[in-house]
Each structure stands twice: as C-alpha cells, then as structure tokens.
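Asks: Sending over a structure as structure tokens; questions will come in a sec.
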Amino acid sequence: MSTHITVPPQQLLERILTLEIVRVTERAAVSAARLRGHGQEKAADQAAVDAMRRELNKMPIDGTIVIGEGERDEAPMLYIGEKVGINAGPKVDIAVDPLEGTTLCAKDMPGSIATMAMADGGTLLHAPDVYMDKIAIGPGYDKNVINIDASPEENIRRLAKAKGVPVSEITALVLERPRHEALIAAIRSTGAALRLIPDGDVAGVIHTTDPAKSGIDIYLGIGGAPEGVLAAAALRCIGGQMQTRLILDTDEKRERALKMGVTDPKMIYGIEDMAKGDCLFAATGVTDGALLSGVKFRGDVIETETIVMRSVTGTVRIIKGEHRQLEKFHLD
C-alpha cells in the first residue's frame, strides 16, 4: 500500500520558497567570492547585487524590496521600492544585503556573507538607509532583560544575573568604530569580555543566539538600519531579544523616514516591530567565518554553506551545497 504526503497548496509554496531563497544567496555569495582578496569593495558588492537580482526575478513572487542597497537615486539595482519576481504568486516584502562585509570580502577576512529575508507583504519595517542603535541577546531569557535606554553596564549586569554567571563570563560584541569609544570603555569597565569586529553586524547579532558555539552573549552598538531589519528577521525565526532605535539626527533623515511611514523618530523597535508575520531568512558564507564557511572553488565543483530559517516553524537548516552545473553562476 502506497502512502502519499499531502501538503496544502499555501504550505507547498512556502516550502518551495524556502529552497528558492537559498539559491538567491548562493548565487550572490559565489559571485562576490570570485573577487575575494582583490581589494575591490564596490566591484564585489555589485557582482553580488547583480546575481541576487537575477535570481529574485526568476522567483514565483510579487516582491517589493523594502530594505535594499539604498534609495532609488543612489542604487541602480535592488533599490528600496524596486519590484522583483515574475509578478505572480504571493505578495512579499524583501530585505537584502547582497554582500554584508564588503571590506571583509575585499581583504579576504572572516565573516562576509550574502543575506536576505522574505516576509508577507507589509510586514517588514520600511527603514531608511540610516544608522540604528541596537542591542540584542539570544533566546532562553525572561522578557525585558535588556533595555536600549539602560546603560551598557546595567544591561551587562542584568544579562549576567539572568544567565547566572559573573559579569566576567559575559562576552559582548561591538563593531570597531570611533563612534563606539565610550561604549567600549563602558563594557570594559564592567569586567566583561569584549570582541571587536571590523564589519558584519547581521552575523554579529545572530552570534548571540548560540553563545556556546560563538562565544557571544550580547550585541551592542550603532550599525546600519537595513542590517538591523535583517538581523531582526533572523531572530524572529530562532528567538532572542532585540531593541533598536533609528538615529534620525538631521531634518533630512527625519523627512526621509517620514516618507517611509516612520512617524515617531524616537520609537523603540522590538523584533516584531521590524519583522511581523511569517518570514524566511537565508545567509550564505562568502568568506570563512564563525557563522558559515565561505565559498570553495574546487576545480569542477563549487561548495557553499547556507543557513536558512523560517519563523512559523522555527526550523533552522544548514545546507552544504556542491554545485557541478557551474554555468548557472555565470551571467545570463
């Protein structure tokens, strides 16, 4: 007697899209990886953008880029508001960072990734391309352990108490930037450990979800708003706590934000304010890193490693790809 697996049409489509977004980030990662270590940040970023856009436009979706390479005047492709897909299928919001860590890729340093998130239409925060203050921890804690308005010292003490360890066993992750001098000094004054990274705060936030593997307990500091929304989409899938606030410190930025629907410039955003409903998240390694292995070119085979997650099921998959039909990575 044969048995059949019946999947409702909507779920079938969602399952198909889960694999499709992996293809999108794989293509972007491979295109960028060809320029690893060549010192060409813009060229590597453009290669990833072009590859990602080509793949997105093959997908059975009615998609809108809500987090992209910038506003339309500044970004020729994957700009905020651009329509992608074959204009058939579900309406979806898409957030992309085709090459997070452009400097890391250009210098062949660890941690560069190609990443994107996809969610039901109208559910991802339409954030302008400005800075965003962020704080994040992983899952397993009571609510409200962290507060973006509390001092770094207070947040670290509260996290240590919630984890049941001395402050000296907490490790914070911060982007190494001149703007973070006071933050770095504050963290060090507590006795907590500090890891500084040159780039890549989407991966940085994701590191907090598995401290046993990554060694990171808390992410703090100011980074890009687009990366904040992507990180929130990932945390929406695997759990954790995150608070952010847009840094709208000029009239021009406040005006741009208002055009995108941001009416309260001082609003604190939680994870579900940035990524509501069902969402998918995928990231493929470009260079080797703590989160993912980078692209490997091995003669007739290209190897990739991708993490893909879905919020409704909480499923996290690590997909190791061995690609033998290499033409698919070339320009159409």
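Ordering of the structure tokens sets the chain letters (A, B, ...), residue numbers begin anew at 1 in every chain, and ligands are numbered from 1 in the order given.
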Within 7 Å of A:Ile170, counting only C-alpha atoms, which residues show up once you throw out same-chain ones fewer than 4 positions away? Write them as a VMD selection string, please.
Replies: chain A and resid 160 192 to 193 217
Asks: Residues near A:Ala88, anyone? I mean within 8 Å using only C-alpha atoms, not counting same-chain ones fewer than 4 positions away, as a PyMOL selection string.
Replies: chain A and resi 60-62
Asks: I'd like a table as a Markdown table: residues in stretch 74-182 of chain A with an atom no more than 7 Å from stretch 235-251 of chain A, each row giving the shortest atom pair and its distance in Å to one decimal, only C-alpha atoms counted, sorted by chain and rising residue number.
Replies:
| residue | atom | partner | partner_atom | distance |
| --- | --- | --- | --- | --- |
| A:Val130 | CA | A:Ile247 | CA | 6.8 |
| A:Tyr131 | CA | A:Ile247 | CA | 5.4 |
| A:Met132 | CA | A:Leu246 | CA | 4.4 |
| A:Asp133 | CA | A:Arg245 | CA | 5.2 |
| A:Lys134 | CA | A:Thr244 | CA | 4.5 |
| A:Ile135 | CA | A:Gln243 | CA | 5.5 |
| A:Ala136 | CA | A:Met242 | CA | 4.2 |
| A:Ile137 | CA | A:Gln241 | CA | 5.3 |
| A:Gly138 | CA | A:Gly240 | CA | 4.0 |
| A:Pro139 | CA | A:Gly240 | CA | 3.9 |
| A:Ile148 | CA | A:Gln243 | CA | 6.1 |
Asks: Create the file for the chosen residues now, containing N, CA and C atoms and written as a PDB file, in the first residue's frame.
Replies:
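Output saved as result.pdb:
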ATOM      1  N   VAL A 130      19.797  54.615   7.127  1.00  0.00           N
ATOM      2  CA  VAL A 130      20.429  55.465   8.133  1.00  0.00           C
ATOM      3  C   VAL A 130      21.034  54.556   9.201  1.00  0.00           C
ATOM      4  N   TYR A 131      21.672  55.164  10.198  1.00  0.00           N
ATOM      5  CA  TYR A 131      22.198  54.382  11.313  1.00  0.00           C
ATOM      6  C   TYR A 131      21.079  53.998  12.282  1.00  0.00           C
ATOM      7  N   MET A 132      21.342  52.928  13.029  1.00  0.00           N
ATOM      8  CA  MET A 132      20.381  52.419  14.000  1.00  0.00           C
ATOM      9  C   MET A 132      21.143  51.951  15.236  1.00  0.00           C
ATOM     10  N   ASP A 133      20.679  52.355  16.402  1.00  0.00           N
ATOM     11  CA  ASP A 133      21.233  51.865  17.658  1.00  0.00           C
ATOM     12  C   ASP A 133      20.601  50.502  17.952  1.00  0.00           C
ATOM     13  N   LYS A 134      21.430  49.517  18.378  1.00  0.00           N
ATOM     14  CA  LYS A 134      20.932  48.147  18.527  1.00  0.00           C
ATOM     15  C   LYS A 134      21.455  47.507  19.798  1.00  0.00           C
ATOM     16  N   ILE A 135      20.626  46.647  20.368  1.00  0.00           N
ATOM     17  CA  ILE A 135      21.075  45.769  21.442  1.00  0.00           C
ATOM     18  C   ILE A 135      20.345  44.448  21.269  1.00  0.00           C
ATOM     19  N   ALA A 136      21.057  43.322  21.410  1.00  0.00           N
ATOM     20  CA  ALA A 136      20.435  42.016  21.169  1.00  0.00           C
ATOM     21  C   ALA A 136      21.073  40.954  22.044  1.00  0.00           C
ATOM     22  N   ILE A 137      20.238  40.002  22.474  1.00  0.00           N
ATOM     23  CA  ILE A 137      20.702  38.793  23.156  1.00  0.00           C
ATOM     24  C   ILE A 137      19.949  37.608  22.567  1.00  0.00           C
ATOM     25  N   GLY A 138      20.399  36.421  22.882  1.00  0.00           N
ATOM     26  CA  GLY A 138      19.792  35.216  22.340  1.00  0.00           C
ATOM     27  C   GLY A 138      18.562  34.761  23.114  1.00  0.00           C
ATOM     28  N   PRO A 139      18.009  33.599  22.763  1.00  0.00           N
ATOM     29  CA  PRO A 139      16.805  33.074  23.406  1.00  0.00           C
ATOM     30  C   PRO A 139      17.113  32.459  24.774  1.00  0.00           C
ATOM     31  N   ILE A 148      17.269  49.217  25.724  1.00  0.00           N
ATOM     32  CA  ILE A 148      18.157  50.078  24.943  1.00  0.00           C
ATOM     33  C   ILE A 148      18.421  51.411  25.630  1.00  0.00           C
TER      34      ILE A 148
END
Asks: Name the residues of stretch 19-199 of chain A that fall into strand (DSSP E or B) according to DSSP on the backbone, using the chain letters and numbers of this document, as a ChimeraX atom specification.
Replies: /A:62-67,83-84,91-100,113-120,124,131-137,171-175,193-197
Asks: If you keep N, CA and C atoms, can you produce a file of those selected residues as a compact mmCIF listing (two decimals), in the first residue's frame?
Replies:
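Output saved as result.txt:
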# COMPACT_ATOMS: atom_id res chain seq x y z
N ASP A 62 5.41 38.18 -6.12
CA ASP A 62 5.17 39.59 -6.40
C ASP A 62 5.89 40.33 -5.29
N GLY A 63 7.18 40.58 -5.50
CA GLY A 63 8.04 41.06 -4.42
C GLY A 63 8.37 42.53 -4.50
N THR A 64 8.54 43.13 -3.33
CA THR A 64 8.97 44.52 -3.23
C THR A 64 10.19 44.60 -2.32
N ILE A 65 11.25 45.25 -2.79
CA ILE A 65 12.44 45.46 -1.95
C ILE A 65 12.11 46.57 -0.94
N VAL A 66 12.11 46.23 0.34
CA VAL A 66 11.86 47.25 1.36
C VAL A 66 13.14 47.62 2.10
N ILE A 67 14.11 46.73 2.08
CA ILE A 67 15.45 47.03 2.59
C ILE A 67 16.40 46.63 1.48
N LYS A 83 10.49 46.49 -7.64
CA LYS A 83 9.67 45.28 -7.75
C LYS A 83 10.52 44.15 -8.32
N VAL A 84 10.40 42.96 -7.73
CA VAL A 84 11.15 41.80 -8.20
C VAL A 84 10.23 40.58 -8.26
N LYS A 91 2.36 38.17 -2.48
CA LYS A 91 2.98 39.48 -2.30
C LYS A 91 3.92 39.37 -1.10
N VAL A 92 5.18 39.73 -1.30
CA VAL A 92 6.16 39.59 -0.22
C VAL A 92 7.03 40.84 -0.12
N ASP A 93 7.44 41.14 1.11
CA ASP A 93 8.46 42.14 1.38
C ASP A 93 9.81 41.44 1.37
N ILE A 94 10.82 42.11 0.84
CA ILE A 94 12.15 41.51 0.76
C ILE A 94 13.18 42.49 1.31
N ALA A 95 14.03 41.98 2.18
CA ALA A 95 15.18 42.73 2.68
C ALA A 95 16.44 42.04 2.20
N VAL A 96 17.37 42.80 1.66
CA VAL A 96 18.59 42.19 1.12
C VAL A 96 19.83 42.92 1.60
N ASP A 97 20.87 42.18 1.80
CA ASP A 97 22.24 42.72 1.89
C ASP A 97 23.08 41.75 1.07
N PRO A 98 23.19 42.00 -0.23
CA PRO A 98 23.84 41.03 -1.13
C PRO A 98 25.27 40.70 -0.72
N LEU A 99 25.96 41.65 -0.08
CA LEU A 99 27.31 41.36 0.42
C LEU A 99 27.50 42.12 1.73
N GLU A 100 27.16 41.47 2.83
CA GLU A 100 27.43 42.09 4.12
C GLU A 100 28.88 41.84 4.46
N ILE A 113 29.15 37.63 4.32
CA ILE A 113 28.02 36.78 3.93
C ILE A 113 27.14 37.48 2.90
N ALA A 114 26.38 36.69 2.16
CA ALA A 114 25.29 37.21 1.32
C ALA A 114 23.99 36.83 2.02
N THR A 115 23.10 37.79 2.22
CA THR A 115 21.94 37.51 3.06
C THR A 115 20.68 38.21 2.57
N MET A 116 19.54 37.59 2.89
CA MET A 116 18.26 38.20 2.55
C MET A 116 17.17 37.64 3.47
N ALA A 117 16.08 38.38 3.56
CA ALA A 117 14.89 37.92 4.28
C ALA A 117 13.68 38.19 3.41
N MET A 118 12.67 37.34 3.56
CA MET A 118 11.43 37.48 2.81
C MET A 118 10.27 37.29 3.78
N ALA A 119 9.27 38.16 3.70
CA ALA A 119 8.15 38.08 4.63
C ALA A 119 6.86 38.46 3.90
N ASP A 120 5.74 38.15 4.54
CA ASP A 120 4.45 38.53 3.98
C ASP A 120 4.45 40.03 3.66
N LEU A 124 7.55 43.78 6.94
CA LEU A 124 8.92 44.18 7.30
C LEU A 124 8.96 45.70 7.45
N TYR A 131 21.67 55.16 10.20
CA TYR A 131 22.20 54.38 11.31
C TYR A 131 21.08 54.00 12.28
N MET A 132 21.34 52.93 13.03
CA MET A 132 20.38 52.42 14.00
C MET A 132 21.14 51.95 15.24
N ASP A 133 20.68 52.35 16.40
CA ASP A 133 21.23 51.87 17.66
C ASP A 133 20.60 50.50 17.95
N LYS A 134 21.43 49.52 18.38
CA LYS A 134 20.93 48.15 18.53
C LYS A 134 21.46 47.51 19.80
N ILE A 135 20.63 46.65 20.37
CA ILE A 135 21.08 45.77 21.44
C ILE A 135 20.34 44.45 21.27
N ALA A 136 21.06 43.32 21.41
CA ALA A 136 20.43 42.02 21.17
C ALA A 136 21.07 40.95 22.04
N ILE A 137 20.24 40.00 22.47
CA ILE A 137 20.70 38.79 23.16
C ILE A 137 19.95 37.61 22.57
N THR A 171 30.44 37.90 27.31
CA THR A 171 31.21 38.47 26.19
C THR A 171 30.29 39.31 25.31
N ALA A 172 30.69 40.56 25.10
CA ALA A 172 29.92 41.47 24.25
C ALA A 172 30.61 41.61 22.89
N LEU A 173 29.81 41.81 21.87
CA LEU A 173 30.31 42.00 20.51
C LEU A 173 29.96 43.42 20.06
N VAL A 174 30.95 44.13 19.52
CA VAL A 174 30.77 45.52 19.11
C VAL A 174 31.54 45.75 17.81
N LEU A 175 30.95 46.52 16.90
CA LEU A 175 31.68 46.95 15.70
C LEU A 175 32.80 47.90 16.11
N ALA A 193 34.08 40.51 28.95
CA ALA A 193 34.97 40.36 27.79
C ALA A 193 34.36 41.10 26.60
N LEU A 194 35.21 41.49 25.68
CA LEU A 194 34.76 42.26 24.53
C LEU A 194 35.40 41.71 23.27
N ARG A 195 34.58 41.45 22.25
CA ARG A 195 35.10 41.08 20.94
C ARG A 195 34.75 42.18 19.96
N LEU A 196 35.75 42.70 19.28
CA LEU A 196 35.54 43.76 18.29
C LEU A 196 35.60 43.16 16.89
N ILE A 197 34.68 43.58 16.04
CA ILE A 197 34.67 43.11 14.65
C ILE A 197 34.75 44.31 13.71
Asks: Taking the chain letters and numbering used in this document, name the residues of stretch 27-241 of chain A that DSSP puts in alpha helix (DSSP H), as a PyMOL selection string.
Replies: chain A and resi 27-33+41-56+102-106+152-163+181-190+201-207+211-214+225-238
Asks: Would you mind telling me which residue in A:Ser112, A:Asn147, A:Asn57, A:Ser214 lies nearest to A:Tyr269 when using only C-alpha atoms?
Replies: A:Asn147
Asks: Find the residues near stretch 316-321 of chain A: any atom within 12 Å, counting only C-alpha atoms, skip ones fewer than 6 places away on the same chain, and give them as a PyMOL selection string.
Replies: chain A and resi 18-19+21-23+25-27+30+209+234-239+280-285+291-297+301-310
Asks: How would the residues just picked look written out with C-alpha atoms as a compact mmCIF listing (two decimals), in the first residue's frame?
Replies:
# COMPACT_ATOMS: atom_id res chain seq x y z
CA THR A 18 12.43 28.27 1.47
CA LEU A 19 14.67 26.48 -1.02
CA ILE A 21 15.86 31.92 -1.32
CA VAL A 22 18.83 29.63 -0.69
CA ARG A 23 19.54 29.73 -4.42
CA THR A 25 22.02 33.90 -1.56
CA GLU A 26 24.18 31.11 -3.05
CA ARG A 27 24.41 32.94 -6.38
CA VAL A 30 29.64 32.84 -5.36
CA THR A 209 21.65 33.05 19.58
CA ALA A 234 16.71 36.06 11.74
CA LEU A 235 15.89 36.44 15.44
CA ARG A 236 12.20 36.20 14.57
CA CYS A 237 12.97 32.69 13.33
CA ILE A 238 15.28 31.43 16.08
CA GLY A 239 14.40 33.51 19.11
CA LEU A 280 12.17 33.41 5.86
CA PHE A 281 15.84 34.27 6.33
CA ALA A 282 18.87 32.96 4.48
CA ALA A 283 22.60 33.68 4.52
CA THR A 284 25.42 32.09 2.53
CA GLY A 285 29.07 32.39 3.55
CA LEU A 291 28.69 31.51 11.40
CA LEU A 292 29.30 29.92 7.99
CA SER A 293 32.07 28.51 5.81
CA GLY A 294 32.93 30.56 2.76
CA VAL A 295 32.62 29.58 -0.89
CA LYS A 296 35.17 26.98 -2.01
CA PHE A 297 36.26 26.71 -5.66
CA VAL A 301 32.83 21.83 -8.07
CA ILE A 302 31.81 24.95 -6.17
CA GLU A 303 30.96 24.40 -2.50
CA THR A 304 28.67 26.68 -0.49
CA GLU A 305 27.26 26.71 3.02
CA THR A 306 23.94 28.40 3.79
CA ILE A 307 21.77 28.85 6.84
CA VAL A 308 18.03 29.16 6.16
CA MET A 309 15.32 29.72 8.76
CA ARG A 310 11.56 30.11 8.94
Asks: Mind pulling up the distance from atom CA of A:Asp199 to atom CA of A:Glu176?
Replies: 7.8 Å
Asks: Just to confirm, what's the straight-line distance from atom CA of A:Ala48 to atom CA of A:Asp300 in Å (one decimal)?
Replies: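 Atom-to-atom, atom CA of A:Ala48 and atom CA of A:Asp300 are spaced 21.3 Å apart.
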Asks: Using only C-alpha atoms, which of A:Ala182, A:Leu159, A:Met274, A:Val49 sits nearest A:Tyr79?
Replies: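 For A:Tyr79, the nearest of the given residues is A:Val49.
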Asks: Quick one: residues within 9 Å of A:Arg53, only C-alpha atoms, excluding same-chain residues fewer than 6 positions away - as a PyMOL selection string?
Replies: chain A and resi 24+28+77-78+84
